[in-house]
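Trainee: Following this line is my_file14.cif, made up of mmCIF, C-alpha atoms:
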```
data_input
loop_
_atom_site.label_atom_id
_atom_site.label_comp_id
_atom_site.auth_asym_id
_atom_site.auth_seq_id
_atom_site.Cartn_x
_atom_site.Cartn_y
_atom_site.Cartn_z
CA MET A 16 -25.48 -9.85 -10.49
CA ARG A 17 -24.51 -6.30 -11.18
CA TYR A 18 -26.80 -3.92 -12.93
CA VAL A 19 -24.33 -1.75 -14.83
CA LEU A 20 -25.45 -2.02 -18.43
CA VAL A 21 -22.88 0.35 -19.93
CA ASP A 22 -19.23 -0.70 -20.21
CA ARG A 23 -17.72 2.55 -21.36
CA PHE A 24 -18.81 6.09 -22.14
CA LEU A 25 -17.25 7.57 -25.28
CA GLU A 26 -18.94 10.93 -25.26
CA LEU A 27 -20.99 12.91 -22.76
CA SER A 28 -21.84 16.31 -24.22
CA ALA A 29 -24.05 18.12 -21.73
CA GLY A 30 -27.44 19.00 -23.09
CA GLU A 31 -26.73 17.24 -26.36
CA ARG A 32 -25.56 13.70 -26.82
CA ALA A 33 -23.99 10.70 -25.22
CA ARG A 34 -22.29 7.74 -26.87
CA ALA A 35 -21.39 4.56 -25.04
CA VAL A 36 -20.82 0.88 -25.60
CA LYS A 37 -22.00 -2.34 -24.02
CA CYS A 38 -20.44 -5.71 -24.73
CA VAL A 39 -22.60 -8.81 -24.64
CA THR A 40 -21.07 -11.98 -23.23
CA ARG A 41 -22.19 -15.39 -22.01
CA GLY A 42 -20.39 -14.58 -18.79
CA GLU A 43 -23.28 -12.29 -17.84
CA PRO A 44 -25.90 -13.87 -15.58
CA PHE A 45 -28.63 -12.20 -17.65
CA LEU A 46 -27.52 -14.08 -20.74
CA ARG A 47 -25.92 -17.51 -20.15
CA ASP A 48 -27.51 -19.92 -22.64
CA LEU A 49 -30.10 -17.58 -24.08
CA PRO A 50 -29.71 -17.14 -27.86
CA PHE A 51 -29.61 -13.38 -27.55
CA PHE A 52 -29.45 -10.61 -25.00
CA PRO A 53 -32.93 -9.73 -23.67
CA SER A 54 -34.27 -6.64 -25.42
CA PRO A 55 -35.50 -4.97 -22.20
CA LEU A 56 -31.89 -4.90 -21.08
CA VAL A 57 -30.80 -3.27 -24.33
CA LEU A 58 -33.40 -0.65 -23.42
CA GLU A 59 -31.84 -0.42 -19.96
CA ALA A 60 -28.45 0.26 -21.56
CA LEU A 61 -30.03 3.17 -23.42
CA LEU A 62 -31.71 4.36 -20.22
CA GLN A 63 -28.44 4.26 -18.30
CA THR A 64 -26.74 6.21 -21.07
CA GLY A 65 -29.57 8.76 -21.01
CA GLY A 66 -29.41 8.90 -17.23
CA ALA A 67 -25.71 9.74 -17.25
CA LEU A 68 -26.28 12.37 -19.94
CA THR A 69 -29.11 13.89 -17.91
CA ARG A 70 -27.01 14.06 -14.74
CA VAL A 71 -24.05 15.56 -16.59
CA SER A 72 -26.38 18.07 -18.26
CA ALA A 73 -27.68 19.07 -14.83
CA GLY A 74 -24.15 19.79 -13.64
CA GLY A 75 -23.52 16.43 -12.00
CA ALA A 76 -26.85 15.88 -10.27
CA ALA A 77 -27.03 13.11 -7.72
CA MET A 78 -29.75 10.90 -9.01
CA SER A 79 -31.85 10.37 -12.04
CA VAL A 80 -34.54 7.78 -12.56
CA LEU A 81 -36.63 6.58 -15.44
CA GLY A 82 -39.84 8.60 -15.62
CA LYS A 83 -41.50 7.02 -18.59
CA VAL A 84 -40.80 5.04 -21.73
CA ASN A 85 -42.80 6.86 -24.39
CA ARG A 86 -42.16 4.22 -26.99
CA ALA A 87 -39.54 1.69 -27.95
CA SER A 88 -39.00 -0.69 -30.84
CA PHE A 89 -36.61 -3.58 -31.24
CA PRO A 90 -35.88 -4.32 -34.88
CA GLY A 91 -32.95 -6.56 -34.03
CA ARG A 92 -31.11 -8.36 -31.24
CA ALA A 93 -27.63 -8.59 -29.81
CA ARG A 94 -25.83 -11.93 -29.56
CA PRO A 95 -22.97 -13.13 -27.37
CA GLY A 96 -19.79 -11.58 -28.71
CA ASP A 97 -21.51 -8.44 -30.00
CA ARG A 98 -20.63 -4.93 -29.01
CA ILE A 99 -23.67 -2.68 -28.79
CA ASP A 100 -23.11 0.96 -29.77
CA LEU A 101 -25.42 3.23 -27.80
CA GLU A 102 -26.31 6.77 -28.76
CA VAL A 103 -28.70 9.01 -26.85
CA THR A 104 -29.59 12.59 -27.73
CA VAL A 105 -31.45 15.14 -25.64
CA ALA A 106 -34.63 16.05 -27.49
CA LEU A 107 -35.72 18.48 -24.78
CA SER A 108 -34.27 19.47 -21.46
CA ARG A 109 -35.91 21.03 -18.39
CA PRO A 110 -34.90 21.47 -14.76
CA GLU A 111 -37.12 18.50 -13.91
CA GLY A 112 -35.50 16.16 -16.42
CA THR A 113 -34.92 15.33 -20.05
CA LEU A 114 -36.76 13.82 -22.96
CA CYS A 115 -34.27 11.53 -24.66
CA GLU A 116 -34.07 9.64 -27.92
CA GLY A 117 -31.82 6.64 -28.08
CA THR A 118 -30.60 4.17 -30.66
CA ALA A 119 -28.68 0.95 -30.14
CA THR A 120 -26.78 -0.60 -33.03
CA VAL A 121 -24.58 -3.62 -33.63
CA ASP A 122 -22.17 -3.25 -36.57
CA GLY A 123 -24.30 -0.41 -37.88
CA THR A 124 -27.55 -2.39 -37.71
CA THR A 125 -30.18 -0.87 -35.45
CA ILE A 126 -31.38 -3.26 -32.78
CA ALA A 127 -33.34 -0.85 -30.61
CA ARG A 128 -34.83 2.63 -30.64
CA ALA A 129 -36.49 4.37 -27.74
CA GLU A 130 -37.92 7.66 -26.62
CA PHE A 131 -37.95 8.11 -22.86
CA MET A 132 -38.06 10.61 -20.03
CA ILE A 133 -35.38 10.76 -17.39
CA VAL A 134 -36.36 12.58 -14.24
CA LEU A 135 -34.00 14.19 -11.74
CA LEU A 136 -34.94 13.23 -8.21
CA PRO A 137 -35.64 16.14 -5.89
CA PRO A 138 -33.25 16.38 -2.89
CA GLU A 139 -35.84 15.06 -0.43
CA LEU A 140 -36.00 11.76 -2.33
CA THR A 141 -32.28 11.20 -2.77
CA PRO A 142 -30.39 9.19 -0.17
CA GLU A 143 -28.14 10.98 2.32
CA PRO A 144 -24.57 11.47 1.11
CA ASP A 145 -22.32 8.66 2.26
CA PRO A 146 -18.54 8.87 1.72
CA ALA A 147 -18.01 5.14 1.19
CA ARG A 148 -20.84 4.91 -1.28
CA ASP A 149 -19.79 8.09 -3.08
CA GLU A 150 -16.29 6.67 -3.38
CA GLN A 151 -17.72 3.53 -4.97
CA ARG A 152 -19.64 5.66 -7.43
CA ARG A 153 -16.53 7.62 -8.26
CA LEU A 154 -14.56 4.43 -8.89
CA LEU A 155 -17.31 3.13 -11.14
CA ALA A 156 -17.49 6.41 -13.06
CA ASP A 157 -13.71 6.28 -13.53
CA ALA A 158 -13.86 2.70 -14.75
CA LEU A 159 -16.52 3.65 -17.29
CA GLY A 160 -14.46 6.59 -18.57
CA VAL A 161 -16.93 9.28 -17.56
CA SER A 162 -14.42 12.12 -17.05
CA GLN A 163 -12.74 11.57 -20.40
CA ALA A 164 -16.10 11.33 -22.12
CA ILE A 165 -17.01 14.73 -20.70
CA GLN A 166 -13.56 16.28 -21.33
CA GLU A 167 -13.17 15.32 -24.92
CA ASN A 168 -16.15 17.34 -25.87
CA ARG A 169 -15.07 20.55 -24.28
CA ALA A 170 -12.18 20.73 -26.76
CA MET B 16 -34.16 -21.27 -21.05
CA ALA B 17 -31.43 -20.09 -18.77
CA GLY B 18 -30.82 -16.46 -17.93
CA TYR B 19 -32.69 -14.46 -15.36
CA VAL B 20 -36.13 -15.78 -14.41
CA PHE B 21 -38.31 -12.94 -13.22
CA LEU B 22 -41.51 -14.54 -11.98
CA ASP B 23 -41.44 -16.50 -8.76
CA ARG B 24 -44.92 -17.84 -9.13
CA VAL B 25 -47.64 -17.94 -11.75
CA LEU B 26 -51.00 -17.19 -10.12
CA ASP B 27 -53.16 -18.05 -13.05
CA CYS B 28 -52.97 -18.38 -16.78
CA GLU B 29 -55.54 -18.61 -19.53
CA PRO B 30 -53.32 -19.62 -22.47
CA GLY B 31 -53.22 -16.94 -25.11
CA VAL B 32 -55.51 -14.70 -23.11
CA ARG B 33 -54.06 -13.59 -19.80
CA ILE B 34 -51.51 -14.44 -17.18
CA SER B 35 -50.73 -13.18 -13.72
CA GLY B 36 -47.83 -13.87 -11.42
CA LEU B 37 -45.77 -12.68 -8.51
CA LYS B 38 -42.21 -11.60 -7.94
CA ALA B 39 -41.01 -11.14 -4.39
CA LEU B 40 -38.44 -8.36 -4.02
CA ALA B 41 -35.56 -9.35 -1.75
CA TYR B 42 -32.72 -7.03 -0.81
CA ASN B 43 -30.39 -9.97 -1.49
CA GLU B 44 -30.67 -9.55 -5.24
CA GLU B 45 -27.44 -8.01 -6.42
CA PHE B 46 -28.95 -5.62 -8.89
CA PHE B 47 -30.34 -3.62 -5.98
CA ARG B 48 -26.80 -2.69 -5.04
CA ASP B 49 -26.42 -0.74 -8.28
CA HIS B 50 -29.98 0.45 -8.58
CA PHE B 51 -29.49 2.50 -6.67
CA PRO B 52 -26.73 2.64 -4.08
CA GLY B 53 -28.48 3.66 -0.86
CA LYS B 54 -31.92 3.52 -2.46
CA PRO B 55 -32.85 0.07 -3.77
CA VAL B 56 -35.59 0.29 -6.38
CA LEU B 57 -36.79 -2.35 -8.85
CA PRO B 58 -35.62 -1.21 -12.29
CA GLY B 59 -38.35 -0.44 -14.81
CA ALA B 60 -36.52 -2.39 -17.52
CA MET B 61 -36.60 -5.47 -15.31
CA ILE B 62 -40.33 -5.09 -14.87
CA LEU B 63 -40.52 -4.98 -18.66
CA GLU B 64 -38.44 -8.16 -18.86
CA GLY B 65 -40.88 -9.72 -16.38
CA PHE B 66 -43.80 -8.85 -18.61
CA VAL B 67 -42.02 -10.23 -21.68
CA GLN B 68 -41.36 -13.51 -19.88
CA ALA B 69 -44.96 -13.70 -18.60
CA ALA B 70 -46.49 -12.97 -22.01
CA ARG B 71 -44.12 -15.47 -23.63
CA GLN B 72 -45.29 -18.12 -21.21
CA CYS B 73 -48.93 -17.20 -21.85
CA LEU B 74 -48.42 -17.72 -25.58
CA ALA B 75 -46.28 -20.83 -25.14
CA MET B 76 -49.04 -22.55 -23.20
CA THR B 77 -51.50 -22.40 -26.09
CA GLU B 78 -52.03 -25.54 -28.15
CA GLY B 79 -49.02 -25.95 -30.41
CA GLY B 80 -47.42 -22.95 -28.73
CA HIS B 81 -43.70 -22.27 -28.46
CA GLU B 82 -41.39 -19.96 -26.56
CA ARG B 83 -39.68 -18.22 -29.47
CA TRP B 84 -41.15 -14.81 -28.73
CA THR B 85 -39.12 -11.66 -28.37
CA LEU B 86 -39.98 -8.08 -27.48
CA HIS B 87 -40.93 -6.15 -30.60
CA GLU B 88 -42.32 -2.84 -29.35
CA VAL B 89 -43.31 -0.95 -26.26
CA GLY B 90 -46.29 1.36 -26.73
CA GLY B 91 -45.85 3.34 -23.55
CA MET B 92 -44.64 2.39 -20.09
CA ARG B 93 -45.73 4.63 -17.22
CA PHE B 94 -44.61 4.46 -13.61
CA ASN B 95 -46.69 5.39 -10.62
CA ARG B 96 -44.37 4.59 -7.79
CA PHE B 97 -41.24 2.60 -7.00
CA ALA B 98 -41.35 -1.07 -6.04
CA VAL B 99 -38.81 -1.83 -3.32
CA PRO B 100 -37.32 -4.77 -1.38
CA GLY B 101 -39.81 -6.17 1.10
CA GLU B 102 -42.68 -5.91 -1.36
CA VAL B 103 -44.26 -8.55 -3.54
CA LEU B 104 -44.89 -7.35 -7.06
CA LYS B 105 -47.88 -8.69 -8.97
CA LEU B 106 -47.78 -8.72 -12.76
CA GLU B 107 -50.94 -9.01 -14.82
CA ALA B 108 -50.79 -9.22 -18.60
CA GLU B 109 -53.71 -9.48 -20.97
CA PHE B 110 -53.61 -10.20 -24.69
CA GLU B 111 -55.10 -7.35 -26.70
CA LYS B 112 -54.68 -8.01 -30.38
CA SER B 113 -52.61 -9.42 -33.20
CA ASP B 114 -51.11 -7.04 -35.73
CA ASN B 115 -48.89 -8.50 -38.52
CA ASN B 116 -46.62 -10.75 -36.54
CA ALA B 117 -46.94 -8.66 -33.37
CA GLN B 118 -48.94 -9.92 -30.39
CA TRP B 119 -50.00 -6.93 -28.28
CA PHE B 120 -50.49 -7.16 -24.54
CA LYS B 121 -51.65 -4.72 -21.91
CA GLY B 122 -49.84 -5.02 -18.60
CA ARG B 123 -50.21 -3.79 -15.05
CA ALA B 124 -47.76 -4.24 -12.18
CA SER B 125 -48.92 -3.58 -8.65
CA VAL B 126 -48.05 -4.00 -5.01
CA GLU B 127 -51.03 -4.87 -2.79
CA GLY B 128 -53.40 -3.42 -5.33
CA THR B 129 -51.57 -0.11 -5.77
CA GLY B 130 -50.35 0.41 -9.32
CA VAL B 131 -46.59 0.47 -9.88
CA CYS B 132 -46.61 0.64 -13.64
CA ARG B 133 -48.77 0.18 -16.70
CA LEU B 134 -47.72 -0.53 -20.24
CA ARG B 135 -48.59 -1.87 -23.64
CA PHE B 136 -46.11 -4.07 -25.43
CA ALA B 137 -45.89 -6.47 -28.34
CA LEU B 138 -44.00 -9.70 -28.84
CA THR B 139 -42.97 -11.11 -32.18
CA GLU B 140 -41.90 -14.59 -33.25
CA TYR B 141 -38.40 -15.53 -34.26
CA ASP B 142 -37.10 -18.64 -36.06
CA HIS B 143 -34.88 -21.29 -34.52
CA GLU B 144 -31.88 -20.10 -36.57
CA ASN B 145 -32.12 -16.56 -35.24
CA MET C 25 -51.85 29.84 -35.83
CA GLU C 26 -55.64 29.38 -35.98
CA GLU C 27 -57.47 28.43 -32.80
CA GLN C 28 -58.81 25.20 -34.32
CA GLU C 29 -55.31 24.13 -35.23
CA ILE C 30 -54.08 24.88 -31.72
CA ILE C 31 -56.93 22.92 -30.19
CA ALA C 32 -56.27 19.93 -32.44
CA LYS C 33 -52.55 19.92 -31.67
CA VAL C 34 -53.04 20.36 -27.92
CA ARG C 35 -55.48 17.44 -27.86
CA LYS C 36 -52.94 15.36 -29.76
CA CYS C 37 -50.19 16.26 -27.28
CA VAL C 38 -52.32 15.35 -24.30
CA ALA C 39 -53.50 12.12 -25.91
CA THR C 40 -49.90 11.12 -26.69
CA ALA C 41 -48.66 11.93 -23.20
CA LEU C 42 -51.49 10.04 -21.52
CA GLY C 43 -51.60 7.12 -23.94
CA ARG C 44 -55.21 7.74 -24.86
CA ASP C 45 -57.30 8.15 -28.01
CA GLU C 46 -57.86 11.74 -29.07
CA ASP C 47 -61.66 11.38 -28.72
CA GLU C 48 -61.16 10.90 -25.00
CA VAL C 49 -59.44 14.28 -24.78
CA GLN C 50 -62.09 16.98 -24.80
CA LEU C 51 -61.66 20.69 -24.05
CA GLU C 52 -63.50 20.32 -20.77
CA SER C 53 -61.50 17.27 -19.72
CA VAL C 54 -59.80 17.72 -16.38
CA LEU C 55 -56.34 16.18 -16.71
CA SER C 56 -56.28 14.53 -13.30
CA ARG C 57 -59.91 13.60 -12.77
CA ASP C 58 -61.05 12.67 -16.29
CA LEU C 59 -57.82 11.54 -17.89
CA GLU C 60 -56.06 10.11 -14.83
CA ALA C 61 -52.95 12.21 -15.33
CA GLU C 62 -50.25 11.62 -12.74
CA SER C 63 -47.27 13.81 -11.85
CA ILE C 64 -44.97 12.36 -14.51
CA ASP C 65 -47.67 13.10 -17.10
CA TYR C 66 -47.59 16.83 -16.39
CA LEU C 67 -43.91 16.79 -17.29
CA ASP C 68 -44.60 14.76 -20.40
CA ILE C 69 -47.38 17.14 -21.47
CA THR C 70 -44.97 20.04 -21.01
CA PHE C 71 -42.42 18.32 -23.25
CA GLN C 72 -45.02 17.46 -25.88
CA LEU C 73 -46.30 21.06 -26.00
CA GLU C 74 -42.79 22.47 -26.22
CA ARG C 75 -41.98 20.14 -29.05
CA GLU C 76 -45.23 20.52 -30.96
CA PHE C 77 -45.39 24.31 -30.80
CA GLY C 78 -41.68 25.15 -30.62
CA ILE C 79 -42.28 27.14 -27.44
CA SER C 80 -40.26 27.28 -24.27
CA ILE C 81 -42.13 26.71 -21.01
CA GLN C 82 -40.35 27.82 -17.85
CA LYS C 83 -40.43 25.75 -14.69
CA ASP C 84 -43.77 26.28 -12.91
CA GLU C 85 -45.04 28.40 -15.78
CA LEU C 86 -47.73 25.98 -16.83
CA PHE C 87 -48.14 23.73 -13.81
CA PRO C 88 -47.24 25.86 -10.77
CA GLN C 89 -45.95 23.28 -8.33
CA LYS C 90 -45.20 25.88 -5.67
CA ILE C 91 -48.85 25.95 -4.68
CA PHE C 92 -48.26 22.52 -3.17
CA GLN C 93 -44.86 23.30 -1.72
CA ASP C 94 -44.89 26.79 -0.22
CA GLU C 95 -46.35 26.80 3.30
CA ASN C 96 -47.56 30.39 2.89
CA TYR C 97 -49.89 29.33 0.14
CA VAL C 98 -51.86 26.70 1.98
CA LYS C 99 -53.20 26.47 5.53
CA ASP C 100 -55.10 23.42 6.81
CA GLY C 101 -55.76 22.25 3.29
CA VAL C 102 -57.20 25.59 2.18
CA VAL C 103 -55.43 27.95 -0.20
CA THR C 104 -54.62 31.28 1.49
CA GLU C 105 -54.97 34.83 0.08
CA GLN C 106 -51.30 34.67 -0.83
CA GLY C 107 -51.83 31.32 -2.49
CA LEU C 108 -54.79 32.66 -4.46
CA ALA C 109 -52.72 35.63 -5.61
CA TYR C 110 -50.01 33.21 -6.72
CA LEU C 111 -52.53 31.16 -8.70
CA GLU C 112 -54.01 34.28 -10.28
CA GLU C 113 -50.56 35.36 -11.38
CA LYS C 114 -49.51 31.98 -12.71
CA LEU C 115 -52.78 30.92 -14.27
CA PRO C 116 -54.31 34.01 -15.85
CA PHE C 117 -56.52 31.83 -18.02
CA ALA C 118 -57.88 29.57 -15.34
CA ASP C 119 -61.43 29.81 -14.13
CA LEU C 120 -60.61 30.82 -10.59
CA GLU C 121 -64.06 32.13 -9.66
CA SER C 122 -65.54 28.69 -8.99
CA PHE C 123 -62.33 27.64 -7.31
CA LYS C 124 -62.46 30.61 -4.91
CA ALA C 125 -65.86 29.45 -3.69
CA ASP C 126 -64.20 26.37 -2.19
CA PRO C 127 -60.43 26.92 -2.36
CA LYS C 128 -59.22 23.55 -1.11
CA VAL C 129 -55.70 22.75 -2.22
CA SER C 130 -56.85 19.25 -3.11
CA LYS C 131 -59.05 20.81 -5.79
CA VAL C 132 -56.26 22.72 -7.51
CA PRO C 133 -55.69 19.92 -10.03
CA GLU C 134 -59.27 20.48 -11.26
CA LEU C 135 -58.13 23.80 -12.72
CA PHE C 136 -55.99 21.97 -15.24
CA THR C 137 -58.24 21.30 -18.16
CA VAL C 138 -57.37 20.88 -21.80
CA GLN C 139 -58.97 24.29 -22.38
CA LEU C 140 -56.44 25.83 -19.99
CA LEU C 141 -53.62 24.33 -22.02
CA VAL C 142 -55.15 25.72 -25.23
CA ASN C 143 -55.40 29.20 -23.67
CA PHE C 144 -51.82 28.95 -22.48
CA VAL C 145 -50.49 27.91 -25.88
CA GLN C 146 -52.49 30.65 -27.61
CA SER C 147 -50.87 33.30 -25.45
CA LYS C 148 -47.39 31.86 -26.00
CA VAL C 149 -47.81 31.57 -29.73
CA ALA C 150 -49.24 35.05 -30.07
CA ALA C 151 -46.34 36.56 -28.14
#
```
If you convert what's in this file into structure tokens, what do you get?
Mentor:
Amino acid sequence: MRYVLVDRFLELSAGERARAVKCVTRGEPFLRDLPFFPSPLVLEALLQTGGALTRVSAGGAAMSVLGKVNRASFPGRARPGDRIDLEVTVALSRPEGTLCEGTATVDGTTIARAEFMIVLLPPELTPEPDPARDEQRRLLADALGVSQAIQENRA
Amino acid sequence: MAGYVFLDRVLDCEPGVRISGLKALAYNEEFFRDHFPGKPVLPGAMILEGFVQAARQCLAMTEGGHERWTLHEVGGMRFNRFAVPGEVLKLEAEFEKSDNNAQWFKGRASVEGTGVCRLRFALTEYDHEN
Amino acid sequence: MEEQEIIAKVRKCVATALGRDEDEVQLESVLSRDLEAESIDYLDITFQLEREFGISIQKDELFPQKIFQDENYVKDGVVTEQGLAYLEEKLPFADLESFKADPKVSKVPELFTVQLLVNFVQSKVAA
């Protein structure tokens, strides 16, 4: 069971905002027969969006992790067949990491809101570079449209 | 309910009051491959899912209880250290209070007594149709 | 901004970051010892202060991490002359006199009280 909770990045504006989408399907092991997609994983989708935004904002840093969830609320839920629209903005940015605010919506209806801190791991805690693994990451980033999401906002 | 079951074992449960359980972290679980490549770490959101499932079970086991509880709010989730494959994570959740339809719990996750994370969260009921 | 207002807002920031009630956050409270602040909390407090007061806090300006990282600053668990000079420079509002009597690096976190944060904010806001 993979743990990639973002299907595509639409926008990655360093220091500002990221937009992405996640589709919800019964084919996912996390979902299957459940009536709706577990809310903690909607939060994870926001965290992964914020993580990508933080790394892009830091000039392509190697690794970011969740530092803290300040607060989160879940006014709604996503069902199989829904597409979740994810939007994360940088409230504050520092060399150590970012304070992010995120909103997840389905057809314009908010299903989740969160404020969280993404921390950039210092070099001594990041794994050694590994060409095969870095290639995998590059392929994944390509599949998720990362370069285009960054490009389109330089224009 | 199908989907991902977080807890491997319930250690003890006082229905509606508290519940504790264990999850053993095995490198075999596929999510470790993505989180993160070269540095497997249990995702915080999965720990949250674990707490939601545990609290749901705690409420379901009360007289006339049911499982139709969903995560409503998180009041603050703080991490002390990573939990990694080879460790057994212990979850402890304790009911705090009721507030409109929100049931608030306090939770602590630990590995051999050392705190991994602490949080407060609330579940809310949903109807069959939802 | 009046001192009382700064104190109230700083206590609110610390309480929010540490998930505590404001009454638990007193001026004398030592962040680590009394309020159980951990490393992530220092970052959160920095964010909360920046946001609340609209100030910009440079890296290491409020919580000088280098004291723990630079080998010239600490020898055998004791802060060196160089380390003390670094602390004096970075923390002009800290009460370093008592610290100098027993300058163990493990006691550096005790310098970080809510009062220190108030002093820091006052100087930033006055600037």
Trainee: Show which residues sit within 12 Å of Glu107 of chain B, as a ChimeraX atom specification. Count all atoms listed in the file, and ignore same-chain residues fewer than 4 positions away.
Mentor: /B:22,25-29,32-38,62-63,65-70,73,120-126,128,130-135
Trainee: Counting all atoms listed in the file, which residues of chain C sit at most 9 Å from some atom of chain A, and what is each one's closest atom pair with its distance in Å to one decimal, listed by chain and rising residue number, as a Markdown table?
Mentor:
```
| residue | atom | partner | partner_atom | distance |
| --- | --- | --- | --- | --- |
| C:Thr40 | CA | A:Asn85 | CA | 8.6 |
| C:Ala41 | CA | A:Asn85 | CA | 7.8 |
| C:Gly43 | CA | A:Asn85 | CA | 8.8 |
| C:Ile64 | CA | A:Gly82 | CA | 6.5 |
| C:Asp65 | CA | A:Lys83 | CA | 8.8 |
| C:Leu67 | CA | A:Glu111 | CA | 7.8 |
| C:Asp68 | CA | A:Met132 | CA | 7.8 |
| C:Phe71 | CA | A:Leu107 | CA | 6.9 |
| C:Glu74 | CA | A:Leu107 | CA | 8.2 |
| C:Arg75 | CA | A:Leu107 | CA | 7.8 |
| C:Ile81 | CA | A:Arg109 | CA | 8.8 |
| C:Gln82 | CA | A:Arg109 | CA | 8.1 |
| C:Lys83 | CA | A:Pro110 | CA | 7.0 |
```
Trainee: Could you tell me how far atom CA of Pro53 of chain A lies from atom CA of Leu136 of chain A, in Å and to one decimal?
Mentor: 27.8 Å
Trainee: Set the distance at 10 Å and use only C-alpha atoms: which residues neighbour segment 92-100 of chain C once local chain neighbours fewer than 3 positions away are removed? I'd like the list as a list in words.
Mentor: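 Here the qualifying residues turn out to be Pro88, Gln89, Val103, Thr104, Glu105, Gln106, Gly107, Leu108, Ala109, Tyr110, Leu111, Pro127, Lys128, Val129, Ser130 and Val132 of chain C.
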Trainee: For the file shown, report as a list in words the outcome of the PyMOL selection byres ((chain B and resi 99) around 10) at residue level.
Mentor: Ala39, Leu40, Ala41, Tyr42, Phe47, Lys54, Pro55, Val56, Leu57, Pro58, Arg96, Phe97, Ala98, Pro100, Gly101, Glu102, Val103, Leu104 and Val126 of chain B
